[in-house]
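Student: File data_19.cif below, mmCIF, C-alpha atoms:
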data_entry
loop_
_atom_site.group_PDB
_atom_site.id
_atom_site.type_symbol
_atom_site.label_atom_id
_atom_site.label_comp_id
_atom_site.auth_asym_id
_atom_site.auth_seq_id
_atom_site.Cartn_x
_atom_site.Cartn_y
_atom_site.Cartn_z
ATOM 1 C CA MET A 1 -38.792 37.614 63.600
ATOM 2 C CA THR A 2 -39.850 40.916 65.140
ATOM 3 C CA ASP A 3 -37.089 43.313 66.157
ATOM 4 C CA ARG A 4 -37.484 44.053 69.858
ATOM 5 C CA ARG A 5 -36.813 47.707 69.092
ATOM 6 C CA ASP A 6 -40.014 47.734 67.016
ATOM 7 C CA LEU A 7 -41.901 46.345 70.003
ATOM 8 C CA ILE A 8 -40.524 49.073 72.248
ATOM 9 C CA LEU A 9 -41.131 51.895 69.744
ATOM 10 C CA THR A 10 -44.712 50.872 68.966
ATOM 11 C CA GLY A 11 -45.392 50.419 72.677
ATOM 12 C CA LEU A 12 -44.102 53.910 73.427
ATOM 13 C CA ILE A 13 -46.270 55.355 70.667
ATOM 14 C CA GLY A 14 -49.279 53.570 72.138
ATOM 15 C CA LEU A 15 -48.364 55.043 75.519
ATOM 16 C CA LEU A 16 -48.155 58.498 73.938
ATOM 17 C CA ALA A 17 -51.616 57.971 72.434
ATOM 18 C CA ALA A 18 -53.079 57.060 75.827
ATOM 19 C CA THR A 19 -51.454 60.154 77.334
ATOM 20 C CA LEU A 20 -52.619 62.623 74.671
ATOM 21 C CA VAL A 21 -56.144 61.259 74.400
ATOM 22 C CA GLY A 22 -56.346 60.949 78.179
ATOM 23 C CA VAL A 23 -55.384 64.603 78.616
ATOM 24 C CA GLY A 24 -57.863 65.630 75.924
ATOM 25 C CA GLU A 25 -60.726 63.580 77.293
ATOM 26 C CA PHE A 26 -60.022 64.783 80.829
ATOM 27 C CA MET A 27 -60.238 68.390 79.659
ATOM 28 C CA LEU A 28 -63.476 67.620 77.837
ATOM 29 C CA HIS A 29 -65.186 65.501 80.477
ATOM 30 C CA PHE A 30 -63.872 66.174 83.975
ATOM 31 C CA ASP A 31 -66.507 67.518 86.351
ATOM 32 C CA SER A 32 -65.524 68.431 89.907
ATOM 33 C CA LEU A 33 -69.092 67.584 90.976
ATOM 34 C CA ALA A 34 -68.807 64.120 89.384
ATOM 35 C CA ARG A 35 -72.160 64.375 87.562
ATOM 36 C CA TYR A 36 -71.305 61.434 85.317
ATOM 37 C CA GLY A 37 -74.602 59.613 85.707
ATOM 38 C CA GLN A 38 -76.866 62.529 84.812
ATOM 39 C CA GLY A 39 -76.899 62.759 81.018
ATOM 40 C CA PHE A 40 -74.622 65.564 79.828
ATOM 41 C CA ASP A 41 -74.632 67.564 83.057
ATOM 42 C CA PHE A 42 -70.881 67.030 83.447
ATOM 43 C CA PHE A 43 -70.362 69.350 80.457
ATOM 44 C CA LYS A 44 -71.810 72.289 82.410
ATOM 45 C CA GLY A 45 -68.472 73.002 84.052
ATOM 46 C CA VAL A 46 -66.460 72.830 80.816
ATOM 47 C CA THR A 47 -65.418 76.211 79.406
ATOM 48 C CA GLU A 48 -65.171 76.840 75.674
ATOM 49 C CA SER A 49 -61.377 77.237 75.759
ATOM 50 C CA ARG A 50 -60.941 74.059 77.793
ATOM 51 C CA ALA A 51 -63.160 72.105 75.410
ATOM 52 C CA THR A 52 -61.232 73.406 72.388
ATOM 53 C CA ALA A 53 -57.872 72.449 73.877
ATOM 54 C CA GLY A 54 -59.194 69.034 74.880
ATOM 55 C CA HIS A 55 -60.591 68.545 71.383
ATOM 56 C CA PHE A 56 -57.191 68.948 69.733
ATOM 57 C CA PHE A 57 -55.338 66.822 72.280
ATOM 58 C CA GLY A 58 -57.845 64.020 71.777
ATOM 59 C CA VAL A 59 -58.262 64.179 68.010
ATOM 60 C CA LEU A 60 -54.525 64.421 67.313
ATOM 61 C CA GLY A 61 -53.744 61.606 69.738
ATOM 62 C CA VAL A 62 -56.288 59.019 68.587
ATOM 63 C CA PRO A 63 -54.506 57.988 65.331
ATOM 64 C CA LEU A 64 -51.474 56.957 67.382
ATOM 65 C CA TYR A 65 -53.616 54.287 69.020
ATOM 66 C CA VAL A 66 -53.483 52.363 65.730
ATOM 67 C CA VAL A 67 -49.710 52.025 66.195
ATOM 68 C CA GLY A 68 -50.365 50.907 69.762
ATOM 69 C CA ALA A 69 -52.774 48.284 68.429
ATOM 70 C CA TRP A 70 -49.978 47.021 66.175
ATOM 71 C CA HIS A 71 -47.756 46.716 69.261
ATOM 72 C CA ILE A 72 -50.353 44.509 70.954
ATOM 73 C CA TYR A 73 -50.557 42.435 67.769
ATOM 74 C CA LEU A 74 -46.793 41.940 67.680
ATOM 75 C CA MET A 75 -46.736 40.912 71.327
ATOM 76 C CA MET A 76 -49.545 38.374 70.859
ATOM 77 C CA ARG A 77 -48.557 37.095 67.405
ATOM 78 C CA PRO A 78 -46.409 34.144 68.567
ATOM 79 C CA ALA A 79 -49.487 32.629 70.243
ATOM 80 C CA ASN A 80 -51.753 32.763 67.176
ATOM 81 C CA ARG A 81 -51.115 34.977 64.172
ATOM 82 C CA PHE A 82 -54.694 34.927 62.851
ATOM 83 C CA TRP A 83 -56.425 35.878 66.097
ATOM 84 C CA ALA A 84 -53.753 38.408 66.984
ATOM 85 C CA LYS A 85 -54.197 40.102 63.613
ATOM 86 C CA LEU A 86 -57.978 40.023 63.954
ATOM 87 C CA ALA A 87 -57.606 41.686 67.357
ATOM 88 C CA PHE A 88 -55.440 44.361 65.720
ATOM 89 C CA PHE A 89 -58.039 45.143 63.059
ATOM 90 C CA VAL A 90 -60.877 45.249 65.585
ATOM 91 C CA MET A 91 -58.892 47.453 67.978
ATOM 92 C CA ALA A 92 -57.774 49.770 65.168
ATOM 93 C CA TYR A 93 -61.339 50.033 63.854
ATOM 94 C CA GLY A 94 -62.637 50.791 67.341
ATOM 95 C CA CYS A 95 -59.997 53.497 67.778
ATOM 96 C CA ILE A 96 -60.904 55.116 64.460
ATOM 97 C CA VAL A 97 -64.602 55.158 65.362
ATOM 98 C CA GLY A 98 -63.626 56.478 68.793
ATOM 99 C CA GLY A 99 -61.760 59.287 67.062
ATOM 100 C CA VAL A 100 -64.964 60.372 65.324
ATOM 101 C CA TRP A 101 -66.746 60.304 68.690
ATOM 102 C CA ILE A 102 -64.146 62.305 70.611
ATOM 103 C CA GLY A 103 -64.046 64.809 67.762
ATOM 104 C CA SER A 104 -67.678 65.613 68.527
ATOM 105 C CA ARG A 105 -67.339 66.199 72.272
ATOM 106 C CA ALA A 106 -66.328 69.868 72.172
ATOM 107 C CA THR A 107 -69.440 70.566 70.108
ATOM 108 C CA ALA A 108 -71.571 68.679 72.632
ATOM 109 C CA ALA A 109 -70.080 70.787 75.425
ATOM 110 C CA PHE A 110 -70.953 73.929 73.452
ATOM 111 C CA LEU A 111 -74.545 72.778 72.939
ATOM 112 C CA VAL A 112 -75.028 72.098 76.636
ATOM 113 C CA ASN A 113 -73.554 75.420 77.733
ATOM 114 C CA ALA A 114 -74.616 77.849 74.998
ATOM 115 C CA ILE A 115 -78.192 76.842 74.187
ATOM 116 C CA PRO A 116 -81.117 77.276 76.598
ATOM 117 C CA GLU A 117 -81.988 73.994 78.294
ATOM 118 C CA ASP A 118 -85.507 73.841 76.859
ATOM 119 C CA ALA A 119 -84.162 74.288 73.314
ATOM 120 C CA VAL A 120 -81.199 71.944 73.496
ATOM 121 C CA ALA A 121 -83.188 68.711 73.894
ATOM 122 C CA SER A 122 -83.747 68.094 70.160
ATOM 123 C CA ALA A 123 -80.135 68.950 69.318
ATOM 124 C CA ILE A 124 -78.874 66.579 72.013
ATOM 125 C CA GLY A 125 -81.226 63.898 70.714
ATOM 126 C CA LEU A 126 -79.661 64.119 67.256
ATOM 127 C CA TYR A 127 -76.196 64.193 68.802
ATOM 128 C CA GLU A 128 -76.882 61.005 70.738
ATOM 129 C CA LEU A 129 -78.154 59.275 67.598
ATOM 130 C CA ARG A 130 -75.254 60.329 65.388
ATOM 131 C CA TYR A 131 -72.313 60.286 67.787
ATOM 132 C CA GLU A 132 -73.069 58.858 71.222
ATOM 133 C CA SER A 133 -74.227 55.619 69.578
ATOM 134 C CA LEU A 134 -70.683 55.183 68.237
ATOM 135 C CA LEU A 135 -69.571 54.387 71.771
ATOM 136 C CA THR A 136 -71.289 51.019 71.402
ATOM 137 C CA VAL A 137 -68.861 50.136 68.608
ATOM 138 C CA VAL A 138 -65.905 51.160 70.767
ATOM 139 C CA ARG A 139 -67.165 49.152 73.741
ATOM 140 C CA VAL A 140 -67.788 46.017 71.685
ATOM 141 C CA ALA A 141 -64.316 46.348 70.136
ATOM 142 C CA VAL A 142 -62.673 46.680 73.564
ATOM 143 C CA LEU A 143 -64.597 43.677 74.879
ATOM 144 C CA PHE A 144 -63.674 41.566 71.837
ATOM 145 C CA VAL A 145 -59.986 42.503 71.988
ATOM 146 C CA SER A 146 -59.883 41.883 75.737
ATOM 147 C CA GLY A 147 -61.259 38.379 75.231
ATOM 148 C CA ILE A 148 -58.658 37.518 72.591
ATOM 149 C CA PHE A 149 -55.922 39.118 74.699
ATOM 150 C CA VAL A 150 -56.763 36.992 77.741
ATOM 151 C CA TRP A 151 -56.972 33.806 75.694
ATOM 152 C CA LEU A 152 -53.702 34.270 73.790
ATOM 153 C CA VAL A 153 -51.758 35.435 76.839
ATOM 154 C CA LEU A 154 -52.943 32.455 78.886
ATOM 155 C CA THR A 155 -51.678 30.048 76.220
ATOM 156 C CA GLY A 156 -48.169 30.948 77.353
ATOM 157 C CA ARG A 157 -46.984 31.271 73.748
ATOM 158 C CA SER A 158 -47.231 35.055 73.402
ATOM 159 C CA ASN A 159 -44.509 37.532 74.337
ATOM 160 C CA TYR A 160 -46.345 38.153 77.604
ATOM 161 C CA PRO A 161 -46.105 36.297 80.909
ATOM 162 C CA ARG A 162 -49.421 34.661 81.799
ATOM 163 C CA TRP A 163 -50.144 37.129 84.623
ATOM 164 C CA MET A 164 -50.449 39.869 82.011
ATOM 165 C CA ALA A 165 -53.902 38.474 81.168
ATOM 166 C CA ALA A 166 -55.187 40.209 84.310
ATOM 167 C CA LEU A 167 -54.259 43.587 82.810
ATOM 168 C CA ASN A 168 -56.665 43.369 79.900
ATOM 169 C CA PRO A 169 -58.566 46.587 79.064
ATOM 170 C CA ILE A 170 -61.967 45.481 80.382
ATOM 171 C CA VAL A 171 -60.613 44.573 83.825
ATOM 172 C CA LEU A 172 -58.696 47.864 84.021
ATOM 173 C CA ILE A 173 -61.782 49.870 83.028
ATOM 174 C CA LEU A 174 -63.849 48.097 85.676
ATOM 175 C CA ALA A 175 -61.109 48.892 88.192
ATOM 176 C CA SER A 176 -61.573 52.619 87.496
ATOM 177 C CA PHE A 177 -65.322 52.260 88.034
ATOM 178 C CA LEU A 178 -64.673 50.385 91.273
ATOM 179 C CA VAL A 179 -62.393 53.156 92.533
ATOM 180 C CA PHE A 180 -65.096 55.715 91.705
ATOM 181 C CA TRP A 181 -67.658 53.675 93.625
ATOM 182 C CA LEU A 182 -65.422 53.073 96.653
ATOM 183 C CA VAL A 183 -63.559 56.398 96.783
ATOM 184 C CA PRO A 184 -65.453 58.997 94.710
ATOM 185 C CA SER A 185 -63.010 61.775 95.623
ATOM 186 C CA ILE A 186 -60.304 59.868 93.727
ATOM 187 C CA GLY A 187 -62.446 58.000 91.243
ATOM 188 C CA LYS A 188 -63.921 61.181 89.777
ATOM 189 C CA TYR A 189 -60.522 61.811 88.185
ATOM 190 C CA LEU A 190 -60.460 58.342 86.602
ATOM 191 C CA MET A 191 -64.055 57.999 85.406
ATOM 192 C CA PRO A 192 -63.882 60.496 82.506
ATOM 193 C CA ILE A 193 -60.804 58.787 81.071
ATOM 194 C CA ALA A 194 -61.275 55.156 82.166
ATOM 195 C CA LEU A 195 -60.404 53.650 78.769
ATOM 196 C CA ASN A 196 -57.301 55.806 78.402
ATOM 197 C CA VAL A 197 -56.189 54.901 81.928
ATOM 198 C CA ALA A 198 -56.597 51.241 80.977
ATOM 199 C CA TYR A 199 -54.527 51.650 77.821
ATOM 200 C CA PHE A 200 -51.906 53.727 79.648
ATOM 201 C CA ILE A 201 -51.367 50.896 82.135
ATOM 202 C CA LEU A 202 -51.469 48.243 79.411
ATOM 203 C CA PHE A 203 -48.940 49.975 77.150
ATOM 204 C CA SER A 204 -46.682 50.907 80.082
ATOM 205 C CA VAL A 205 -46.397 47.336 81.337
ATOM 206 C CA SER A 206 -46.296 45.862 77.825
ATOM 207 C CA THR A 207 -43.455 48.171 76.782
ATOM 208 C CA MET A 208 -41.507 47.343 79.940
ATOM 209 C CA ILE A 209 -41.882 43.633 79.186
ATOM 210 C CA ALA A 210 -40.677 44.199 75.619
ATOM 211 C CA ALA A 211 -37.755 46.331 76.834
ATOM 212 C CA ARG A 212 -36.722 43.771 79.439
ATOM 213 C CA SER A 213 -36.766 41.034 76.807
ATOM 214 C CA TYR A 214 -34.711 43.227 74.461
ATOM 215 C CA ILE A 215 -32.121 44.022 77.132
ATOM 216 C CA GLY A 216 -31.984 40.387 78.184
ATOM 217 C CA ALA A 217 -31.418 39.299 74.585
ATOM 218 C CA SER A 218 -28.641 41.846 73.991
ATOM 219 C CA PRO A 219 -25.047 40.534 74.073
#
Turn this file's structure into structure tokens for me.

Tutor:
Amino acid sequence: MTDRRDLILTGLIGLLAATLVGVGEFMLHFDSLARYGQGFDFFKGVTESRATAGHFFGVLGVPLYVVGAWHIYLMMRPANRFWAKLAFFVMAYGCIVGGVWIGSRATAAFLVNAIPEDAVASAIGLYELRYESLLTVVRVAVLFVSGIFVWLVLTGRSNYPRWMAALNPIVLILASFLVFWLVPSIGKYLMPIALNVAYFILFSVSTMIAARSYIGASP
């Protein structure tokens, strides 16, 4: 039987991961002009020092997501051990691949800002092939884990209440996109870090559920 303290600790580490990577990705990607749909134009406002700081926040935070993935596994395990463990491996793999991707973003920012626009096209083309394509792996992993999460939570046998199914990563990511579409002045702060915002909410609520169960079970 899982110690509730392990649930709380792993949840807090997952929350720390979302915070560190969120800060890093915000520093790397935020554009006050919200040029998120125009290739790499959003990098044009990113200074070298800001990109370097964001790089280290992101790269050093990503490994902690694996511990957060273990937290999600522990919370879902009572519903179905096999599928919960498969979700853990897929989420952990996606996070590791995502770590390679975020580790490349400071270099991408440098390419966009330091090389003349007519000369950067071939370099960006190689970058997209070698690194930007990795985002597909991350997206598929998030979609797969979200599907398992919804299914296992709705069985009512996990450590989550059924309503927690609504807070799966895909729905939370789409919520950030919706905010950007409806209120761009607010959404532009969420768009560059949509996945980290989703995980921040997920780990926050999940850890509170684990903590409440732990307190309730204490003599």

Student: One number please: atom CA of A:Leu152 to atom CA of A:Asn80, in Å, one decimal.

Tutor: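 Distance reported for this atom pair: 7.1 Å.
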
Student: With 7 Å as the threshold, what does the neighbourhood of (-71.3, 62.2, 70.6) contain in terms of residues, counting only C-alpha atoms? Coordinates are those of the file; answer as a PyMOL selection string.

Tutor: chain A and resi 101+104-105+108+127-128+130-132

Student: Hey, what comes out of the PyMOL selection byres ((chain A and resi 195-211) around 10) on this file? Could you write it as an MDAnalysis selection string?

Tutor: chainID A and resid 4:23 25:26 65 68:69 71:72 75 139 142 159:161 164 167:176 190:194 212:217

Student: Find the residues around A:Trp70 up to 8 Å (all atoms listed in the file counted), leave out those fewer than 3 positions away in its own chain, and share them as a PDB file with C-alpha atoms, keeping the file's coordinate frame.

Tutor:
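That gives us out-v1.pdb:
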ATOM      1  CA  THR A  10     -44.712  50.872  68.966  1.00  0.00           C
ATOM      2  CA  VAL A  66     -53.483  52.363  65.730  1.00  0.00           C
ATOM      3  CA  VAL A  67     -49.710  52.025  66.195  1.00  0.00           C
ATOM      4  CA  TYR A  73     -50.557  42.435  67.769  1.00  0.00           C
ATOM      5  CA  LEU A  74     -46.793  41.940  67.680  1.00  0.00           C
ATOM      6  CA  PHE A  88     -55.440  44.361  65.720  1.00  0.00           C
TER       7      PHE A  88
END

Student: Could you tell me which residues the PyMOL selection byres ((chain A and resi 111) around 12) returns for this structure, as a PyMOL selection string?

Tutor: chain A and resi 40-41+43-44+46-48+51+104-110+112-127

Student: So, counting all atoms listed in the file, which residue among A:Val62, A:Val183, A:Val90, A:Ala34 is closest to A:Gly147?

Tutor: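 Under the stated criterion, the closest residue is A:Val90.
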
Student: Atom CA of A:Val140 and atom CA of A:Tyr93 are how many Å apart?

Tutor: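 A separation of 10.9 Å between them.
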
Student: Mind pulling up the distance from atom CA of A:Gly45 to atom CA of A:Pro63?

Tutor: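 Separating atom CA of A:Pro63 from atom CA of A:Gly45 is a distance of 27.8 Å.
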
Student: From the options A:His29, A:Arg81, A:Lys188, A:Arg35, which residue's atoms come nearest to A:Ile148, counting all atoms listed in the file?

Tutor: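 Among the listed residues, the smallest separation from A:Ile148 belongs to A:Arg81.
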
Student: With all atoms listed in the file as the basis for distance, which of A:Ile96, A:Val145, A:Ile102, A:Leu135 is at the shortest distance from A:Ala84?

Tutor: A:Val145

Student: So what does the PyMOL selection byres ((chain A and resi 57) around 7) actually pick up in this one, as a PDB file with C-alpha atoms, in the coordinates of the input?

Tutor:
ATOM      1  CA  LEU A  20     -52.619  62.623  74.671  1.00  0.00           C
ATOM      2  CA  VAL A  21     -56.144  61.259  74.400  1.00  0.00           C
ATOM      3  CA  VAL A  23     -55.384  64.603  78.616  1.00  0.00           C
ATOM      4  CA  GLY A  24     -57.863  65.630  75.924  1.00  0.00           C
ATOM      5  CA  ALA A  53     -57.872  72.449  73.877  1.00  0.00           C
ATOM      6  CA  GLY A  54     -59.194  69.034  74.880  1.00  0.00           C
ATOM      7  CA  HIS A  55     -60.591  68.545  71.383  1.00  0.00           C
ATOM      8  CA  PHE A  56     -57.191  68.948  69.733  1.00  0.00           C
ATOM      9  CA  GLY A  58     -57.845  64.020  71.777  1.00  0.00           C
ATOM     10  CA  VAL A  59     -58.262  64.179  68.010  1.00  0.00           C
ATOM     11  CA  LEU A  60     -54.525  64.421  67.313  1.00  0.00           C
ATOM     12  CA  GLY A  61     -53.744  61.606  69.738  1.00  0.00           C
TER      13      GLY A  61
END

Student: Restricting the calculation to only C-alpha atoms, which member of A:Phe42, A:Leu134, A:Phe149, A:Ser158 is positioned closest to A:Gly99?

Tutor: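 Smallest distance to A:Gly99 is found for A:Leu134.
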